[in-house]
Amino acid sequence: DAGVIQSPRHEVTEMGQEVTLRCKPISGHDYLFWYRQTMMRGLELLIYFNNNVPIDDSGMPEDRFSAKMPNASFSTLKIQPSEPRDSAVYFCASRQGARGYTFGSGTRLTVV
Amino acid sequence: AQSVTQPDIHITVSEGASLELRCNYSYGATPYLFWYVQSPGQGLQLLLKYFSGDTLVQGIKGFEAEFKRSQSSFNLRKPSVHWSDAAEYFCAVGRTDRGSTLGRLYFGRGTQLTVWP
């Protein structure tokens with residue numbers, strides 16, 4: 001099993017640009033989570049999906065953030081336009097049933 | 001509201017010494033509890049989890065944790081720390097959705113572990 005796969009691993013972009021982060025969950029997992037990690041706020045849940053349907057997006061900071069899960073094997077988190085305060089590590093995680101959550105290696109986003 | 005508190009931001013121990021990392025949670029129902037470890041530049045790796053049953057849970061890498069409902073605690077322990085255990089440790093509580101399905105996780109702020117040789 002390849003685990004949860006995130007791309008890119010690192011992203012450096014200029015303020016105002018659109019950024020798209022990608023996640024491939026573990027096959028068969030029916031929950032997918034997007035978390036953001038910063039020194040100031042720790043690990044924050046942004047949004048999560050169950051069977052490709054968004055369940056809770058209350059953690060999405062602003063309308064600049066959007067997430068989609070068009071099918072069971074792919075999800076995107078988009079920031080448009082990006083701002084320096086969006087700089088963080090973004091993690092995707094997936095889960096199936098009563099098992100523990102499996103996290104990807106994260107995408108380190110730097111907005112300059 | 002659910003919350004997780006890890007009172008110790010940073011702990012330093014000598015290699016071979018015992019370790020206990022504290023975690024307290026606030027949750028109205030039966031909690032699902034987790035400990036994760038994060039090495040620099042890496043994602044979070046599951047050490048162990050508690051869903052029900054025996055309150056002493058064994059995990060990977062020689063770690064264990066004990067659920068104490070009366071103290072709302074889920075402390076992580078290891079009898080003898082290795083230099084490779086230096087990392088950041090996160091406690092988390094899982095909330096159930098729609099009555100029974102495990103949904104989102106709430107994380108503590110983490111405890112950074114330094115191991116002296």
# chains A, B, ... in the order shown; residues from 1 in each chain; ligands from 1
$ interface_residues --of "chain B" --to "chain A" --cutoff "7 Å" --atoms "only C-alpha atoms" --output "PyMOL selection string"
chain B and resi 42-44+102+107+109
$ write_last_selection --atoms "N, CA, C and O atoms" --output "mmCIF file, in the first residue's frame"
data_model
loop_
_atom_site.group_PDB
_atom_site.id
_atom_site.type_symbol
_atom_site.label_atom_id
_atom_site.label_comp_id
_atom_site.auth_asym_id
_atom_site.auth_seq_id
_atom_site.Cartn_x
_atom_site.Cartn_y
_atom_site.Cartn_z
ATOM 1 N N GLN B 42 8.181 15.442 8.204
ATOM 2 C CA GLN B 42 7.397 14.248 7.887
ATOM 3 C C GLN B 42 5.933 14.433 8.274
ATOM 4 O O GLN B 42 5.573 15.388 8.968
ATOM 5 N N GLY B 43 5.114 13.484 7.826
ATOM 6 C CA GLY B 43 3.716 13.477 8.239
ATOM 7 C C GLY B 43 3.564 12.859 9.615
ATOM 8 O O GLY B 43 4.543 12.568 10.293
ATOM 9 N N LEU B 44 2.341 12.670 10.017
ATOM 10 C CA LEU B 44 2.054 12.109 11.326
ATOM 11 C C LEU B 44 1.900 10.594 11.218
ATOM 12 O O LEU B 44 1.179 10.097 10.356
ATOM 13 N N LEU B 102 -16.965 7.331 13.480
ATOM 14 C CA LEU B 102 -15.842 8.176 13.871
ATOM 15 C C LEU B 102 -15.601 9.214 12.797
ATOM 16 O O LEU B 102 -15.439 8.889 11.629
ATOM 17 N N PHE B 107 -6.734 17.765 17.692
ATOM 18 C CA PHE B 107 -5.361 17.543 18.118
ATOM 19 C C PHE B 107 -4.964 18.484 19.241
ATOM 20 O O PHE B 107 -5.412 19.635 19.318
ATOM 21 N N ARG B 109 -1.620 20.545 21.011
ATOM 22 C CA ARG B 109 -0.615 21.384 20.381
ATOM 23 C C ARG B 109 0.726 20.699 20.244
ATOM 24 O O ARG B 109 1.647 21.239 19.645
#
$ select_by_dssp --residues "stretch 13-109 of chain B" --states "helix (DSSP H, G or I)" --output "NGL selection string"
:B and (60-62 or 69-71 or 83-85)
$ write_last_selection --atoms "N, CA, C and O atoms" --output "CSV table (one decimal), in the first residue's frame"
chain,number,residue,atom,x,y,z
B,60,ILE,N,3.2,0.9,18.6
B,60,ILE,CA,4.4,0.6,17.9
B,60,ILE,C,5.6,1.2,18.7
B,60,ILE,O,5.4,2.1,19.5
B,61,LYS,N,6.8,0.8,18.3
B,61,LYS,CA,8.0,1.4,18.8
B,61,LYS,C,8.2,1.3,20.4
B,61,LYS,O,8.9,2.1,21.0
B,62,GLY,N,7.5,0.4,21.0
B,62,GLY,CA,7.6,0.2,22.4
B,62,GLY,C,6.8,1.1,23.3
B,62,GLY,O,6.9,1.2,24.5
B,69,ARG,N,-10.5,7.3,32.6
B,69,ARG,CA,-11.7,8.1,32.4
B,69,ARG,C,-11.9,9.1,33.5
B,69,ARG,O,-12.3,10.2,33.3
B,70,SER,N,-11.6,8.7,34.8
B,70,SER,CA,-11.8,9.5,35.9
B,70,SER,C,-10.9,10.8,35.9
B,70,SER,O,-11.3,11.8,36.4
B,71,GLN,N,-9.8,10.7,35.2
B,71,GLN,CA,-8.9,11.8,35.1
B,71,GLN,C,-8.9,12.5,33.7
B,71,GLN,O,-8.2,13.4,33.5
B,83,TRP,N,17.4,7.4,21.2
B,83,TRP,CA,17.7,8.7,20.6
B,83,TRP,C,16.8,8.9,19.4
B,83,TRP,O,16.4,10.0,19.1
B,84,SER,N,16.4,7.8,18.7
B,84,SER,CA,15.5,7.9,17.6
B,84,SER,C,14.1,8.3,17.9
B,84,SER,O,13.3,8.6,17.0
B,85,ASP,N,13.7,8.3,19.2
B,85,ASP,CA,12.4,8.8,19.6
B,85,ASP,C,12.2,10.3,19.6
B,85,ASP,O,11.1,10.8,19.8
$ residues_around --residues "A:Ser82" --least-positions-apart "3" --cutoff "8 Å" --atoms "only C-alpha atoms" --output "ChimeraX atom specification"
/A:14-19,64,79,86,111
$ atom_distance --atom1 "atom CA of A:Val12" --atom2 "atom CA of B:Glu88"
25.0 Å
$ residues_around --residues "A:Ala88" --least-positions-apart "2" --cutoff "6 Å" --atoms "only C-alpha atoms" --output "ChimeraX atom specification"
/A:37-38,108-109
$ atom_distance --atom1 "atom CA of A:Arg85" --atom2 "atom CA of A:Glu62"
11.9 Å
$ atom_distance --atom1 "atom CA of B:Gly28" --atom2 "atom CA of B:Cys91"
17.2 Å
$ select_by_dssp --residues "stretch 1-111 of chain A" --states "strand (DSSP E or B)" --output "number ranges by chain"
A: 5-7, 10-13, 19-24, 31-38, 42-50, 53-56, 65-71, 74-79, 88-95, 102-103, 107-111
$ residues_around --residues "B:Ala17" --least-positions-apart "2" --cutoff "9 Å" --atoms "only C-alpha atoms" --output "VMD selection string"
chain B and resid 13 to 15 19 78 to 82
$ write_last_selection --atoms "C-alpha atoms" --output "CSV table (one decimal), in the first residue's frame"
chain,number,residue,atom,x,y,z
B,13,VAL,CA,15.1,13.1,28.7
B,14,SER,CA,18.3,11.1,28.6
B,15,GLU,CA,18.6,8.1,26.4
B,19,LEU,CA,9.2,8.8,29.4
B,78,LYS,CA,7.9,4.3,27.2
B,79,PRO,CA,10.1,2.5,29.7
B,80,SER,CA,13.4,3.3,27.9
B,81,VAL,CA,13.8,6.1,25.4
B,82,HIS,CA,16.0,5.8,22.4
$ closest_residue --among "B:Val57, B:Phe90, B:Arg77, B:Arg22" --to "B:Trp35" --atoms "only C-alpha atoms"
B:Phe90
$ residues_around --residues "B:Phe34" --least-positions-apart "2" --cutoff "8 Å" --atoms "only C-alpha atoms" --output "VMD selection string"
chain B and resid 32 36 46 to 50 91 to 94
$ write_last_selection --atoms "N, CA and C atoms" --output "short mmCIF file (atom, residue, chain, number, x, y, z; two decimals), in the first residue's frame"
data_model
loop_
_atom_site.label_atom_id
_atom_site.label_comp_id
_atom_site.auth_asym_id
_atom_site.auth_seq_id
_atom_site.Cartn_x
_atom_site.Cartn_y
_atom_site.Cartn_z
N TYR B 32 -12.60 8.48 21.50
CA TYR B 32 -11.66 7.70 20.73
C TYR B 32 -10.34 8.47 20.80
N TYR B 36 -0.03 10.33 17.97
CA TYR B 36 0.73 10.37 16.73
C TYR B 36 2.12 10.92 17.01
N LEU B 46 0.81 7.10 13.20
CA LEU B 46 0.02 6.61 14.32
C LEU B 46 0.86 5.71 15.22
N LEU B 47 0.90 6.05 16.52
CA LEU B 47 1.60 5.22 17.49
C LEU B 47 0.66 4.18 18.10
N LEU B 48 -0.52 4.64 18.49
CA LEU B 48 -1.50 3.76 19.10
C LEU B 48 -2.84 4.46 19.17
N LYS B 49 -3.87 3.68 19.43
CA LYS B 49 -5.21 4.24 19.54
C LYS B 49 -6.00 3.46 20.58
N TYR B 50 -6.96 4.15 21.17
CA TYR B 50 -7.89 3.54 22.11
C TYR B 50 -9.30 3.79 21.63
N CYS B 91 -1.33 14.21 20.76
CA CYS B 91 -2.47 13.47 21.26
C CYS B 91 -3.71 13.98 20.52
N ALA B 92 -4.66 13.11 20.26
CA ALA B 92 -5.86 13.53 19.54
C ALA B 92 -7.07 12.76 20.05
N VAL B 93 -8.21 13.42 19.98
CA VAL B 93 -9.48 12.78 20.32
C VAL B 93 -10.37 12.82 19.09
N GLY B 94 -11.02 11.70 18.84
CA GLY B 94 -11.89 11.60 17.68
C GLY B 94 -13.33 11.81 18.08
#
